Amino acid sequence: QVGPVESGGGSVQPGRSLRLSCEVAGLTYSNYCMAWYRQVPGKEREGVAAINSEDTTKYANSVRDRFIISQNSAMNTLYLQMNNLKPEDTATYYCAALPTSIRDDWALQAPQGFGFWGQGTQVTVSS
């Protein structure tokens with residue numbers, strides 16, 4: 001399979017943590033801005049966090065100071081550490097490899113069909 005494959009989703013209580021992983025196959029990892037997005041049924045997809053090959057990061061205001069994006073470029077793997085989770089964080093989380101600069105708005109506002117996307121992993125935050 002070419003592209004990202006996510007793992008690590010699950011169900012947790014509010015205030016707890018989860019770490020998502022994304023392995024990228026068949027792409028030159030360093031050529032892409034890597035990002036996490038999330039989507040709730042009936043709502044637009046939301047860019048959560050992005051990172052480039054120089055480890056420059058960008059976050060959505062809704063997750064800043066709670067989520068941390070990181071990567072192991074040698075392993076073509078992306079991570080999202082999610083702390084202090086809230087019920088509103090419940091969504092399907094997608095990993096994306098985007099052929100754009102992290103400084104571009106498309107890093108967290110990618111249009112449909114842009115870049116390579118995984119199948120998603122479900123995160124549910126509920127008491």
# chains A, B, ... in the order shown; residues from 1 in each chain; ligands from 1
call {"tool": "residues_around", "arguments": {"residues": "Ala35 of chain A", "least_positions_apart": "2", "cutoff": "9 Å", "atoms": "only C-alpha atoms", "output": "number ranges by chain"}}
result
A: 33, 37, 47-52, 69, 78, 94-98, 107-108
call {"tool": "atom_distance", "arguments": {"atom1": "atom CA of Asn76 of chain A", "atom2": "atom CA of Leu27 of chain A"}}
result
8.9 Å
call {"tool": "residues_around", "arguments": {"residues": "Pro14 of chain A", "least_positions_apart": "5", "cutoff": "12 Å", "atoms": "only C-alpha atoms", "output": "VMD selection string"}}
result
chain A and resid 82 to 90 123 to 127
call {"tool": "atom_distance", "arguments": {"atom1": "atom CA of Val5 of chain A", "atom2": "atom CA of Ser62 of chain A"}}
result
24.2 Å
call {"tool": "select_by_dssp", "arguments": {"residues": "segment 2-84 of chain A", "states": "strand (DSSP E or B)", "output": "PyMOL selection string"}}
result
chain A and resi 3-7+10-12+18-25+33-39+46-51+57-59+67-72+77-82
call {"tool": "write_last_selection", "arguments": {"atoms": "C-alpha atoms", "output": "compact mmCIF listing (two decimals), in the first residue's frame"}}
result
# COMPACT_ATOMS: atom_id res chain seq x y z
CA GLY A 3 0.60 6.21 1.63
CA PRO A 4 -0.19 6.64 5.31
CA VAL A 5 -1.62 4.00 7.64
CA GLU A 6 -2.88 5.17 11.02
CA SER A 7 -3.06 3.26 14.31
CA GLY A 10 -9.53 4.01 20.91
CA SER A 11 -11.96 5.05 23.62
CA VAL A 12 -10.81 7.03 26.64
CA LEU A 18 -3.77 8.75 23.60
CA ARG A 19 -0.99 8.54 21.05
CA LEU A 20 -1.71 8.03 17.39
CA SER A 21 0.87 6.67 14.97
CA CYS A 22 1.08 6.85 11.21
CA GLU A 23 3.44 4.78 9.09
CA VAL A 24 4.04 6.02 5.56
CA ALA A 25 4.99 3.58 2.82
CA CYS A 33 4.43 18.19 4.96
CA MET A 34 2.88 15.62 7.29
CA ALA A 35 -0.35 16.42 9.05
CA TRP A 36 -3.16 15.11 11.21
CA TYR A 37 -6.75 15.94 10.42
CA ARG A 38 -9.98 14.89 12.05
CA GLN A 39 -13.59 14.67 11.00
CA GLU A 46 -10.45 19.94 10.43
CA GLY A 47 -6.68 20.27 10.27
CA VAL A 48 -5.23 19.49 13.71
CA ALA A 49 -1.44 19.66 13.44
CA ALA A 50 1.30 19.63 10.84
CA ILE A 51 5.06 19.13 10.77
CA THR A 57 5.12 22.55 13.57
CA LYS A 58 1.72 24.16 13.24
CA TYR A 59 -1.38 23.56 15.35
CA PHE A 67 -1.59 17.90 21.38
CA ILE A 68 1.99 17.33 20.23
CA ILE A 69 2.92 16.30 16.71
CA SER A 70 6.27 14.58 16.22
CA GLN A 71 7.98 12.21 13.83
CA ASN A 72 10.70 9.65 13.37
CA THR A 77 6.49 7.47 11.07
CA LEU A 78 4.36 10.33 12.34
CA TYR A 79 2.86 10.65 15.81
CA LEU A 80 0.20 12.66 17.56
CA GLN A 81 0.32 12.75 21.34
CA MET A 82 -3.08 13.84 22.59
call {"tool": "select_by_dssp", "arguments": {"residues": "segment 58-97 of chain A", "states": "helix (DSSP H, G or I)", "output": "NGL selection string"}}
result
:A and (73-75 or 87-89)
call {"tool": "write_last_selection", "arguments": {"atoms": "N, CA and C atoms", "output": "PDB file, in the first residue's frame"}}
result
ATOM      1  N   SER A  73      11.624  10.453  11.290  1.00  0.00           N
ATOM      2  CA  SER A  73      11.776  10.476   9.837  1.00  0.00           C
ATOM      3  C   SER A  73      12.511   9.240   9.326  1.00  0.00           C
ATOM      4  N   ALA A  74      13.437   8.734  10.112  1.00  0.00           N
ATOM      5  CA  ALA A  74      14.185   7.546   9.692  1.00  0.00           C
ATOM      6  C   ALA A  74      13.262   6.339   9.539  1.00  0.00           C
ATOM      7  N   MET A  75      12.153   6.360  10.295  1.00  0.00           N
ATOM      8  CA  MET A  75      11.194   5.250  10.257  1.00  0.00           C
ATOM      9  C   MET A  75       9.948   5.609   9.463  1.00  0.00           C
ATOM     10  N   PRO A  87     -14.358  15.610  25.270  1.00  0.00           N
ATOM     11  CA  PRO A  87     -15.375  14.960  24.429  1.00  0.00           C
ATOM     12  C   PRO A  87     -15.424  15.533  23.009  1.00  0.00           C
ATOM     13  N   GLU A  88     -15.137  16.816  22.870  1.00  0.00           N
ATOM     14  CA  GLU A  88     -15.170  17.430  21.540  1.00  0.00           C
ATOM     15  C   GLU A  88     -13.996  17.005  20.659  1.00  0.00           C
ATOM     16  N   ASP A  89     -13.047  16.262  21.209  1.00  0.00           N
ATOM     17  CA  ASP A  89     -11.967  15.695  20.401  1.00  0.00           C
ATOM     18  C   ASP A  89     -12.390  14.400  19.715  1.00  0.00           C
TER      19      ASP A  89
END
call {"tool": "atom_distance", "arguments": {"atom1": "atom CA of Arg66 of chain A", "atom2": "atom CA of Gly15 of chain A"}}
result
10.3 Å
